[in-house]
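A.B. asks: Sharing final35.txt here; it has compact mmCIF, C-alpha atoms.
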# COMPACT_ATOMS: atom_id res chain seq x y z
CA MET A 1 -45.37 9.51 8.43
CA ILE A 2 -45.56 5.97 7.14
CA ASP A 3 -42.64 5.21 9.39
CA PHE A 4 -44.51 6.60 12.33
CA LEU A 5 -47.59 4.56 11.57
CA LYS A 6 -45.55 1.44 11.16
CA ARG A 7 -43.91 2.04 14.50
CA LEU A 8 -47.30 2.59 16.03
CA PHE A 9 -48.49 -0.74 14.81
CA GLY A 10 -45.37 -2.52 15.91
CA GLN A 11 -44.11 -2.83 12.36
CA ALA A 12 -41.01 -0.85 13.17
CA GLY A 13 -38.80 -1.50 10.20
CA SER A 14 -35.22 -1.50 11.23
CA SER A 15 -34.58 -2.13 7.55
CA ALA A 16 -35.66 1.44 6.86
CA THR A 17 -33.04 2.62 9.31
CA ALA A 18 -30.48 0.37 7.66
CA LYS A 19 -31.35 1.77 4.25
CA GLU A 20 -31.03 5.34 5.39
CA ARG A 21 -27.76 4.74 7.17
CA LEU A 22 -26.34 2.98 4.16
CA ARG A 23 -27.38 5.76 1.83
CA LEU A 24 -25.57 8.32 3.93
CA VAL A 25 -22.46 6.33 4.62
CA LEU A 26 -22.03 5.46 0.97
CA MET A 27 -22.27 9.09 -0.04
CA THR A 28 -19.50 9.84 2.43
CA ASP A 29 -17.49 6.85 1.22
CA HIS A 30 -17.79 7.90 -2.38
CA LEU A 31 -16.72 11.44 -1.60
CA GLU A 32 -13.78 10.18 0.38
CA LEU A 33 -12.78 8.02 -2.53
CA ALA A 34 -12.91 10.89 -4.97
CA PRO A 35 -10.40 13.45 -3.70
CA ASP A 36 -9.80 14.63 -7.27
CA MET A 37 -13.42 15.50 -7.66
CA ILE A 38 -13.42 17.45 -4.41
CA ASP A 39 -10.33 19.37 -5.48
CA ALA A 40 -11.89 20.20 -8.81
CA MET A 41 -15.09 21.31 -7.11
CA LYS A 42 -13.14 23.46 -4.68
CA ARG A 43 -11.33 25.10 -7.57
CA ASP A 44 -14.53 25.81 -9.46
CA LEU A 45 -16.22 27.11 -6.35
CA VAL A 46 -13.38 29.52 -5.70
CA ASP A 47 -13.28 30.64 -9.32
CA VAL A 48 -16.91 31.57 -9.17
CA ILE A 49 -16.73 33.33 -5.85
CA SER A 50 -13.56 35.14 -6.90
CA ARG A 51 -15.49 36.97 -9.54
CA TYR A 52 -17.25 38.84 -6.80
CA VAL A 53 -14.92 38.89 -3.86
CA GLU A 54 -11.26 38.26 -3.32
CA VAL A 55 -10.77 35.08 -1.35
CA ASP A 56 -7.81 33.48 0.30
CA ARG A 57 -7.30 30.47 -1.91
CA ASP A 58 -4.86 28.77 0.40
CA LYS A 59 -7.11 28.77 3.41
CA ILE A 60 -10.22 27.31 1.91
CA GLU A 61 -11.68 24.35 3.70
CA VAL A 62 -14.36 22.13 2.31
CA ASN A 63 -15.77 19.46 4.52
CA PHE A 64 -18.62 17.07 4.39
CA GLU A 65 -20.63 16.31 7.42
CA GLN A 66 -23.45 14.00 8.17
CA GLN A 67 -26.23 16.05 9.57
CA ASP A 68 -29.37 14.56 10.82
CA LYS A 69 -30.79 13.15 7.61
CA ALA A 70 -28.60 14.62 4.94
CA LEU A 71 -25.05 15.02 3.96
CA ALA A 72 -23.98 18.65 4.13
CA MET A 73 -21.11 20.35 2.44
CA LEU A 74 -19.52 22.97 4.63
CA ALA A 75 -17.20 25.39 2.92
CA ASN A 76 -15.14 27.88 4.84
CA ILE A 77 -13.86 30.47 2.40
CA PRO A 78 -11.99 33.40 3.97
CA ILE A 79 -12.69 36.62 2.09
CA LEU A 80 -9.78 39.04 1.81
CA SER A 81 -11.55 41.98 0.28
CA VAL A 82 -14.84 42.93 -1.22
CA ASN A 83 -14.99 44.89 -4.42
CA ARG A 84 -16.49 48.33 -3.99
CA PRO A 85 -20.06 48.46 -5.19
CA ASN A 86 -20.76 50.56 -8.31
CA GLY A 87 -17.09 50.49 -9.14
CA ASN A 88 -18.00 50.39 -12.84
CA GLY A 89 -18.43 46.75 -12.73
CA THR A 90 -14.92 45.50 -13.12
CA ALA A 91 -15.27 42.35 -11.21
CA LYS A 92 -11.99 40.60 -10.95
CA LYS A 93 -11.58 37.85 -13.39
CA PRO A 94 -9.62 35.02 -11.92
CA GLU A 95 -6.08 35.13 -13.16
CA ALA A 96 -4.45 32.07 -14.57
CA ALA A 97 -7.58 30.13 -13.95
CA PRO A 98 -9.48 28.38 -16.69
CA PRO A 99 -12.33 30.42 -18.14
CA PRO A 100 -15.48 29.85 -16.16
CA GLU A 101 -17.75 27.33 -17.68
CA PRO A 102 -21.30 28.29 -18.48
CA VAL A 103 -22.62 26.11 -15.70
CA ALA A 104 -20.44 27.79 -13.13
CA ALA A 105 -21.49 31.18 -14.40
CA ALA A 106 -25.09 30.25 -13.96
CA VAL A 107 -24.44 29.24 -10.41
CA ALA A 108 -22.76 32.51 -9.66
CA THR A 109 -25.55 34.61 -11.00
CA PRO A 110 -27.59 35.72 -8.05
CA ALA A 111 -30.96 34.16 -8.28
CA ALA A 112 -32.95 37.10 -7.06
CA GLU A 113 -31.14 40.25 -7.99
CA PRO A 114 -32.85 43.41 -6.87
CA ALA A 115 -31.67 45.57 -9.75
CA ALA A 116 -32.68 42.98 -12.27
CA ALA A 117 -31.25 43.49 -15.70
CA PRO A 118 -33.68 43.24 -18.58
CA PRO A 119 -34.07 39.61 -19.52
CA THR A 120 -32.60 40.20 -22.95
CA SER A 121 -29.16 41.19 -21.70
CA ALA A 122 -27.77 37.85 -20.86
CA PRO A 123 -24.78 39.05 -18.94
CA GLU A 124 -21.29 38.32 -20.03
CA ALA A 125 -20.15 36.54 -16.93
CA GLY A 126 -18.12 38.68 -14.60
CA ALA A 127 -19.19 42.05 -16.01
CA PRO A 128 -22.70 42.78 -14.87
CA PRO A 129 -23.83 46.35 -15.48
CA THR A 130 -24.50 47.01 -11.86
CA ARG A 131 -22.93 45.44 -8.88
CA PRO A 132 -25.41 43.43 -6.95
CA ARG A 133 -25.92 44.66 -3.44
CA ARG A 134 -25.66 41.60 -1.39
CA ARG A 135 -25.21 40.84 2.20
CA ARG A 136 -21.56 40.14 2.81
CA ARG A 137 -21.26 40.58 6.49
CA LYS A 138 -19.74 37.27 7.27
CA SER A 139 -16.34 36.31 6.06
CA GLN A 140 -17.66 32.83 5.81
CA ALA A 141 -19.78 31.35 3.19
CA ILE A 142 -21.58 28.26 4.25
CA ALA A 143 -22.99 26.21 1.53
CA SER A 144 -25.26 23.45 2.53
CA SER A 145 -26.29 20.77 0.17
CA ALA A 146 -29.89 20.66 -0.73
CA LYS A 147 -31.66 18.10 1.27
CA PRO A 148 -31.95 15.03 -0.87
CA ALA A 149 -35.34 13.53 -1.09
CA THR A 150 -35.43 10.78 1.42
CA ALA A 151 -36.73 7.65 -0.11
CA HIS A 152 -38.76 5.41 2.07
CA MET B 1 -0.08 -24.44 -27.46
CA HIS B 2 1.18 -21.00 -26.52
CA ALA B 3 3.34 -20.71 -29.59
CA MET B 4 0.41 -21.56 -31.78
CA GLN B 5 -1.72 -18.89 -30.26
CA GLN B 6 0.75 -16.20 -31.11
CA ASN B 7 0.61 -16.90 -34.81
CA GLU B 8 -2.07 -14.72 -36.27
CA PRO B 9 -3.69 -17.13 -38.72
CA GLN B 10 -4.98 -20.08 -36.75
CA PRO B 11 -3.89 -23.40 -38.21
CA ALA B 12 -6.47 -26.05 -38.93
CA ALA B 13 -5.82 -27.67 -35.55
CA ALA B 14 -8.47 -27.13 -32.89
CA PRO B 15 -7.98 -23.70 -31.39
CA ALA B 16 -7.18 -23.45 -27.70
CA LYS B 17 -10.28 -23.33 -25.58
CA SER B 18 -10.94 -20.10 -23.78
CA GLY B 19 -13.16 -20.67 -20.82
CA ARG B 20 -14.62 -17.95 -18.66
CA ALA B 21 -12.72 -16.95 -15.54
CA ILE B 22 -15.14 -15.68 -12.92
CA VAL B 23 -14.03 -14.40 -9.54
CA VAL B 24 -16.48 -14.80 -6.66
CA THR B 25 -15.88 -11.92 -4.31
CA SER B 26 -17.54 -9.72 -1.66
CA GLY B 27 -15.07 -7.66 0.33
CA LYS B 28 -16.56 -8.74 3.62
CA GLY B 29 -15.86 -12.17 5.02
CA GLY B 30 -18.47 -14.68 6.04
CA VAL B 31 -21.10 -13.79 3.47
CA GLY B 32 -20.89 -17.13 1.69
CA LYS B 33 -18.34 -16.78 -1.10
CA THR B 34 -16.99 -20.30 -0.64
CA THR B 35 -20.43 -21.89 -0.36
CA THR B 36 -21.53 -19.97 -3.45
CA THR B 37 -18.45 -21.07 -5.39
CA ALA B 38 -18.96 -24.72 -4.41
CA ASN B 39 -22.63 -24.70 -5.34
CA LEU B 40 -22.27 -22.73 -8.52
CA GLY B 41 -19.38 -24.96 -9.60
CA THR B 42 -21.45 -28.05 -8.91
CA ALA B 43 -24.47 -26.71 -10.77
CA LEU B 44 -22.41 -25.59 -13.78
CA ALA B 45 -20.68 -28.98 -14.02
CA GLN B 46 -24.00 -30.77 -13.73
CA ARG B 47 -25.15 -28.78 -16.73
CA GLY B 48 -22.37 -30.40 -18.67
CA ALA B 49 -19.62 -27.80 -18.46
CA LYS B 50 -16.06 -28.57 -17.44
CA VAL B 51 -15.43 -26.54 -14.32
CA VAL B 52 -12.46 -25.85 -12.09
CA MET B 53 -12.77 -24.05 -8.78
CA VAL B 54 -9.65 -22.28 -7.57
CA ASP B 55 -9.38 -21.53 -3.88
CA ALA B 56 -7.50 -18.24 -3.83
CA ASP B 57 -7.76 -17.83 -0.08
CA VAL B 58 -4.14 -18.65 0.58
CA GLY B 59 -3.55 -19.54 4.22
CA LEU B 60 -7.23 -20.16 4.91
CA ARG B 61 -8.09 -23.11 2.71
CA ASN B 62 -11.80 -23.89 2.88
CA LEU B 63 -13.26 -24.80 -0.46
CA ASP B 64 -11.95 -28.35 -0.08
CA ILE B 65 -13.82 -28.99 3.16
CA VAL B 66 -17.04 -27.44 1.89
CA LEU B 67 -16.89 -29.86 -1.05
CA GLY B 68 -15.88 -32.80 1.12
CA LEU B 69 -12.55 -33.10 -0.67
CA GLU B 70 -10.23 -32.26 2.20
CA SER B 71 -8.68 -35.71 2.35
CA ARG B 72 -7.93 -35.77 -1.37
CA VAL B 73 -5.88 -32.60 -1.58
CA LYS B 74 -2.23 -33.46 -2.16
CA HIS B 75 -0.97 -30.29 -3.80
CA HIS B 76 -2.10 -26.70 -3.87
CA VAL B 77 -2.00 -23.51 -5.94
CA LEU B 78 1.45 -22.53 -4.73
CA ASP B 79 2.87 -25.95 -5.54
CA VAL B 80 1.78 -25.36 -9.11
CA LEU B 81 2.96 -21.75 -9.22
CA GLU B 82 6.34 -22.74 -7.82
CA GLU B 83 6.52 -25.80 -10.05
CA ARG B 84 6.65 -28.42 -7.35
CA ALA B 85 3.64 -30.10 -8.90
CA THR B 86 2.04 -30.13 -12.30
CA LEU B 87 -1.46 -28.85 -12.80
CA ASP B 88 -2.68 -32.40 -13.37
CA GLU B 89 -1.20 -33.54 -10.10
CA ALA B 90 -2.77 -30.68 -8.19
CA LEU B 91 -6.26 -30.80 -9.66
CA VAL B 92 -8.63 -32.74 -7.42
CA ALA B 93 -11.61 -34.38 -9.08
CA ASP B 94 -14.87 -33.82 -7.23
CA LYS B 95 -16.39 -36.93 -5.74
CA HIS B 96 -20.00 -36.09 -6.50
CA THR B 97 -19.97 -34.38 -9.84
CA GLU B 98 -18.20 -35.28 -13.04
CA ARG B 99 -16.26 -32.60 -14.90
CA LEU B 100 -15.78 -30.67 -11.64
CA PHE B 101 -12.29 -30.04 -10.26
CA LEU B 102 -10.72 -28.20 -7.37
CA LEU B 103 -7.40 -26.48 -7.09
CA ALA B 104 -6.87 -26.02 -3.37
CA ALA B 105 -5.27 -23.06 -1.63
CA ALA B 106 -2.00 -23.40 0.20
CA GLN B 107 -2.69 -23.74 3.88
CA SER B 108 0.70 -23.23 5.47
CA ARG B 109 1.57 -20.13 3.52
CA GLU B 110 0.56 -16.52 3.37
CA LYS B 111 -1.29 -14.46 0.84
CA ASP B 112 1.63 -12.22 -0.01
CA GLU B 113 3.71 -15.17 -1.10
CA VAL B 114 1.72 -15.42 -4.30
CA GLU B 115 2.94 -13.43 -7.26
CA THR B 116 0.14 -11.69 -9.10
CA GLU B 117 1.63 -12.35 -12.53
CA LYS B 118 2.06 -16.04 -11.86
CA MET B 119 -1.53 -16.26 -10.68
CA ARG B 120 -2.66 -14.55 -13.86
CA GLY B 121 -0.70 -17.10 -15.87
CA LEU B 122 -2.19 -20.00 -13.96
CA ILE B 123 -5.75 -18.82 -14.58
CA ALA B 124 -4.93 -18.31 -18.25
CA SER B 125 -3.72 -21.89 -18.59
CA LEU B 126 -6.78 -23.18 -16.73
CA ARG B 127 -9.00 -21.33 -19.17
CA GLU B 128 -7.48 -23.35 -21.97
CA ARG B 129 -8.67 -26.54 -20.35
CA PHE B 130 -11.98 -25.64 -18.69
CA ASP B 131 -15.22 -23.96 -19.67
CA TYR B 132 -15.40 -22.19 -16.34
CA VAL B 133 -12.70 -21.17 -13.91
CA LEU B 134 -14.39 -20.09 -10.68
CA ILE B 135 -12.04 -18.24 -8.36
CA ASP B 136 -12.99 -18.16 -4.69
CA CYS B 137 -11.64 -14.82 -3.55
CA PRO B 138 -10.45 -14.18 0.01
CA ALA B 139 -12.13 -11.48 2.10
CA GLY B 140 -10.48 -8.08 2.13
CA ILE B 141 -9.15 -5.88 -0.61
CA GLU B 142 -5.44 -6.43 -0.17
CA LEU B 143 -3.02 -8.54 -2.15
CA GLY B 144 -5.09 -11.70 -1.80
CA PHE B 145 -7.98 -9.93 -3.49
CA LYS B 146 -5.72 -8.54 -6.20
CA ASN B 147 -4.25 -11.95 -6.91
CA ALA B 148 -7.66 -13.61 -7.04
CA VAL B 149 -8.95 -10.99 -9.42
CA ALA B 150 -5.85 -10.82 -11.60
CA GLY B 151 -6.69 -13.62 -14.01
CA ALA B 152 -10.46 -13.17 -14.00
CA ASP B 153 -12.47 -11.32 -16.56
CA GLU B 154 -15.83 -11.47 -14.85
CA ALA B 155 -16.98 -11.10 -11.28
CA ILE B 156 -19.83 -12.36 -9.18
CA VAL B 157 -20.30 -10.43 -5.99
CA VAL B 158 -21.97 -12.08 -3.03
CA CYS B 159 -23.82 -9.81 -0.65
CA THR B 160 -25.94 -10.52 2.40
CA PRO B 161 -28.72 -8.07 3.28
CA GLU B 162 -26.65 -6.37 5.96
CA VAL B 163 -25.36 -2.82 6.03
CA SER B 164 -21.76 -3.94 6.44
CA ALA B 165 -21.89 -6.39 3.55
CA VAL B 166 -23.58 -3.90 1.23
CA ARG B 167 -21.03 -1.24 2.04
CA ASP B 168 -18.15 -3.62 1.36
CA VAL B 169 -19.64 -4.83 -1.90
CA ASP B 170 -20.05 -1.23 -2.97
CA ARG B 171 -16.37 -0.72 -2.29
CA VAL B 172 -15.30 -3.88 -4.08
CA VAL B 173 -17.40 -3.04 -7.11
CA GLY B 174 -15.72 0.36 -7.18
CA LEU B 175 -12.34 -1.36 -7.12
CA LEU B 176 -13.28 -3.84 -9.81
CA GLY B 177 -14.46 -1.21 -12.25
CA ASN B 178 -16.46 -1.97 -15.34
CA ARG B 179 -14.07 -4.48 -16.84
CA PHE B 180 -15.42 -7.31 -14.69
CA ARG B 181 -19.11 -6.60 -15.35
CA PRO B 182 -19.95 -7.64 -11.78
CA GLN B 183 -23.19 -9.48 -11.20
CA LEU B 184 -24.92 -9.85 -7.86
CA ILE B 185 -26.01 -12.79 -5.76
CA VAL B 186 -27.92 -11.83 -2.65
CA ASN B 187 -27.20 -14.51 -0.10
CA ARG B 188 -28.82 -15.46 3.20
CA LEU B 189 -32.03 -13.61 2.61
CA ARG B 190 -34.80 -14.20 5.13
CA PRO B 191 -38.02 -13.38 3.31
CA ASP B 192 -39.97 -13.51 6.58
CA LEU B 193 -37.80 -10.80 8.10
CA VAL B 194 -37.91 -8.72 4.94
CA LYS B 195 -41.66 -8.84 5.08
CA LYS B 196 -41.67 -7.56 8.64
CA GLY B 197 -39.37 -4.74 7.64
CA LYS B 198 -36.60 -6.15 9.73
CA MET B 199 -34.20 -6.97 6.95
CA LEU B 200 -33.09 -5.11 3.86
CA SER B 201 -34.95 -6.44 0.84
CA VAL B 202 -33.27 -7.43 -2.41
CA ASP B 203 -34.61 -4.21 -3.92
CA ASP B 204 -33.18 -2.20 -1.05
CA VAL B 205 -29.79 -3.79 -1.55
CA ASN B 206 -29.83 -3.34 -5.27
CA ALA B 207 -31.18 0.20 -5.15
CA ILE B 208 -27.76 0.92 -3.71
CA LEU B 209 -25.57 -1.47 -5.63
CA ARG B 210 -27.37 -1.29 -8.98
CA LEU B 211 -25.94 -4.51 -10.34
CA PRO B 212 -27.41 -7.13 -12.64
CA LEU B 213 -29.03 -9.63 -10.29
CA LEU B 214 -28.10 -13.25 -10.85
CA GLY B 215 -30.30 -14.56 -8.11
CA VAL B 216 -31.19 -14.71 -4.45
CA ILE B 217 -30.41 -17.52 -2.02
CA ALA B 218 -32.46 -17.89 1.14
CA ASP B 219 -30.92 -18.39 4.54
CA GLU B 220 -31.74 -22.06 4.87
CA PRO B 221 -30.70 -24.44 7.66
CA GLU B 222 -30.21 -26.93 4.84
CA ILE B 223 -27.10 -25.09 3.70
CA ILE B 224 -25.49 -25.60 7.09
CA VAL B 225 -26.44 -29.25 7.13
CA THR B 226 -25.09 -29.92 3.65
CA THR B 227 -21.91 -28.03 4.41
CA ASN B 228 -21.47 -30.14 7.53
CA ARG B 229 -21.54 -33.18 5.31
CA GLY B 230 -19.38 -31.73 2.57
CA GLU B 231 -22.12 -32.06 0.00
CA PRO B 232 -23.12 -28.87 -1.77
CA LEU B 233 -26.86 -28.24 -1.76
CA ALA B 234 -26.76 -27.87 -5.53
CA LEU B 235 -26.53 -31.67 -5.66
CA ARG B 236 -30.18 -31.67 -4.71
CA LYS B 237 -31.97 -30.05 -7.56
CA ASP B 238 -35.32 -30.86 -5.98
CA ALA B 239 -34.66 -28.75 -2.89
CA PRO B 240 -35.70 -25.10 -3.39
CA THR B 241 -32.24 -23.74 -2.63
CA GLY B 242 -30.57 -26.39 -4.76
CA ALA B 243 -32.86 -25.39 -7.60
CA ALA B 244 -32.00 -21.74 -6.97
CA TYR B 245 -28.31 -22.51 -7.50
CA HIS B 246 -29.15 -24.30 -10.71
CA ALA B 247 -31.16 -21.32 -11.91
CA ILE B 248 -28.20 -19.07 -11.14
CA ALA B 249 -25.91 -21.41 -13.04
CA ALA B 250 -28.27 -21.30 -16.01
CA ARG B 251 -28.21 -17.52 -15.91
CA VAL B 252 -24.42 -17.52 -15.71
CA ALA B 253 -24.43 -19.76 -18.78
CA GLY B 254 -26.51 -17.15 -20.55
CA GLU B 255 -29.89 -18.83 -20.38
CA ASP B 256 -32.88 -16.57 -20.10
CA VAL B 257 -34.44 -17.95 -16.93
CA PRO B 258 -35.82 -15.78 -14.13
CA ALA B 259 -33.56 -14.92 -11.21
CA PRO B 260 -34.46 -17.20 -8.30
CA MET B 261 -36.25 -15.31 -5.55
CA PRO B 262 -37.21 -16.99 -2.29
CA GLN B 263 -40.68 -16.20 -1.04
CA ALA B 264 -41.88 -16.02 2.52
CA LYS B 265 -44.41 -18.57 3.52
CA GLU B 266 -47.57 -16.74 4.38
CA SER B 267 -49.37 -17.53 7.57
CA PHE B 268 -52.95 -16.46 8.05
CA LEU B 269 -51.95 -13.67 10.42
CA GLU B 270 -49.33 -12.41 8.01
CA ARG B 271 -51.81 -12.40 5.18
CA LEU B 272 -54.13 -10.39 7.37
CA GLY B 273 -51.30 -8.08 8.31
CA SER B 274 -50.21 -7.50 4.73
CA LEU B 275 -53.76 -6.45 3.92
CA PHE B 276 -53.28 -3.49 6.19
CA GLY B 277 -49.55 -2.98 6.20
CA GLY B 278 -49.36 -3.05 2.42
CA LYS B 279 -45.90 -1.80 1.70
CA ARG B 280 -42.92 -3.68 3.02
CA GLY B 281 -40.23 -1.55 4.47
Spit out the file's structure as structure tokens when you get a sec.
C.D. replies:
Amino acid sequence: MIDFLKRLFGQAGSSATAKERLRLVLMTDHLELAPDMIDAMKRDLVDVISRYVEVDRDKIEVNFEQQDKALAMLANIPILSVNRPNGNGTAKKPEAAPPPEPVAAAVATPAAEPAAAPPTSAPEAGAPPTRPRRRRRKSQAIASSAKPATAH
Amino acid sequence: MHAMQQNEPQPAAAPAKSGRAIVVTSGKGGVGKTTTTANLGTALAQRGAKVVMVDADVGLRNLDIVLGLESRVKHHVLDVLEERATLDEALVADKHTERLFLLAAAQSREKDEVETEKMRGLIASLRERFDYVLIDCPAGIELGFKNAVAGADEAIVVCTPEVSAVRDVDRVVGLLGNRFRPQLIVNRLRPDLVKKGKMLSVDDVNAILRLPLLGVIADEPEIIVTTNRGEPLALRKDAPTGAAYHAIAARVAGEDVPAPMPQAKESFLERLGSLFGGKRG
């Protein structure tokens, strides 16, 4: 809005454009320079998702893309099979993978679960009493980064 | 001297001096590393310190001409490294400022002919003789950069308010890591353009780089004129930009003076405009 007003009054700040472009390109640069971090993130992501569905670990692609005003993470995670709902809750624990960290578990917990467990039963990760019924039509999960607040 | 240093208990003799070795770098070329080195060196020496400036831009020697010393250079860094000349033979005394010396870069050679370890050794021996060893780093992040950085333990990064320069400084700072405690000089700032929102401000630049700010140098025609003459602007303490270099030198020396910050001259129209425009973009 301020930008618009400035433009209207001939105060078009190309410096604002420069700032925004720099912010984005540096995010990309930093990601590119941290392949270890991306690998670790990929691993964690898969570990979490694997607790619910079986995914093809070898075919996972994680890419970063500059979209209009934000950097987006696009993950393509092929799903091999989906655990049967109500199958007494034996979600597959990832084999030979490090135990999920509390943070990761929190991420995996569906935010709005229809059959909400009573708040007291903090679930032991991976063994919820009831399987959440969630939409799993697509064999693709697309995670998009939250839009960062654009500073002007 | 070396043998003495290795003995743990220092004998009564004066201990070897250990000056500060500061590399002046930027990643991108043409942002003013050489001019900054020449002016900072001049200002530090005028404060009373013994200063040597090492031109590490092998193959593209420039510090000598900026200082007006081009006709006095007889030997260069590689002559010293390859023992064709002693350090004393290669050091060129500045013609304007006492206590200021130059070690020129080799002109007819290439960057990859310098051995990193030898360069490190050279800087170490210079530190024994000088309070400050300022190393003028070549552009780029290849071997020339690595050699220039090898013997340094501090870094000053020079950045102009341009997207390309900021990006490159960001990269260089990443490469340097924390060991060099890089500090920032924003060079060639045009306060008038910043005010109109047409140039990144110092805050914009440093919101990204997040480095301790040594100071800001305005884009002054004076710098071109003084460079033409081979007389660093820091020789003129009365000129605003000369004074800015002296303030930076004081800050480098650890004095608690404010970072120099050029201000735009306000015209009546601008003052009127800033009443309405308020924020600068």
A.B. asks: Using all atoms listed in the file, pick whichever of B:Asn206, B:Thr25, B:Ser125, B:Thr37 has the shortest atom-to-atom distance to chain A.
C.D. replies: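 Counting all atoms listed in the file, the residue closest to chain A is B:Asn206.
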A.B. asks: Hey, which of B:Ala239, B:Ile248, B:Leu193, B:Val133 ends up closest to chain A? Count all atoms listed in the file.
C.D. replies: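 Using all atoms listed in the file, chain A sits closest to B:Leu193.
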A.B. asks: Please report as CSV every residue of chain A lying within 6 Å of chain B, along with the nearest atom pair and their distance in Å (one decimal), using all atoms listed in the file.
C.D. replies:
residue,atom,partner,partner_atom,distance
A:Gly13,CA,B:Gly197,CA,4.2
A:Ser14,CA,B:Lys198,CA,5.1
A:Ser15,CA,B:Met199,CA,4.9
A:Ala16,CA,B:Gly281,CA,6.0
A.B. asks: For the atom pair atom CA of Tyr245 of chain B and atom CA of Arg99 of chain B, what is the interatomic distance in Å to one decimal place?
C.D. replies: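 Going from atom CA of Tyr245 of chain B over to atom CA of Arg99 of chain B covers 17.4 Å.
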A.B. asks: Which neighbours of Ile79 of chain A fall inside 7 Å, counting all atoms listed in the file, when residues of the same chain fewer than 6 positions from it are skipped, and could you give them as number ranges by chain?
C.D. replies: A: 53-56, 139
A.B. asks: Please work out which residues fall within 6 Å of (-3.2, -26.2, -7.4), coordinates as given in the file, with all atoms listed in the file counting, and return them as a PyMOL selection string.
C.D. replies: chain B and resi 75-77+80+90-91+103-104
A.B. asks: Which distance in Å separates atom CA of Ala259 of chain B and atom CA of Ile185 of chain B, to one decimal?
C.D. replies: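 Here the two named atoms are 9.6 Å from each other.
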A.B. asks: For each of A:Leu26, A:Ala75, A:Val82, A:Ala34, take the minimum atom-to-atom distance to Val46 of chain A, counting all atoms listed in the file, then give the residue where this is smallest.
C.D. replies: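 Among the listed residues, the smallest separation from Val46 of chain A belongs to A:Ala75.
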A.B. asks: Rounded to one decimal, what separation in Å do you get between atom CA of Glu70 of chain B and atom CA of Arg188 of chain B?
C.D. replies: 25.1 Å
A.B. asks: Considering only C-alpha atoms, state which residue in the set B:Arg84, B:Arg47, B:Arg229, B:Arg190 is at the smallest distance from His246 of chain B.
C.D. replies: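 Among the listed residues, B:Arg47 lies closest to His246 of chain B.
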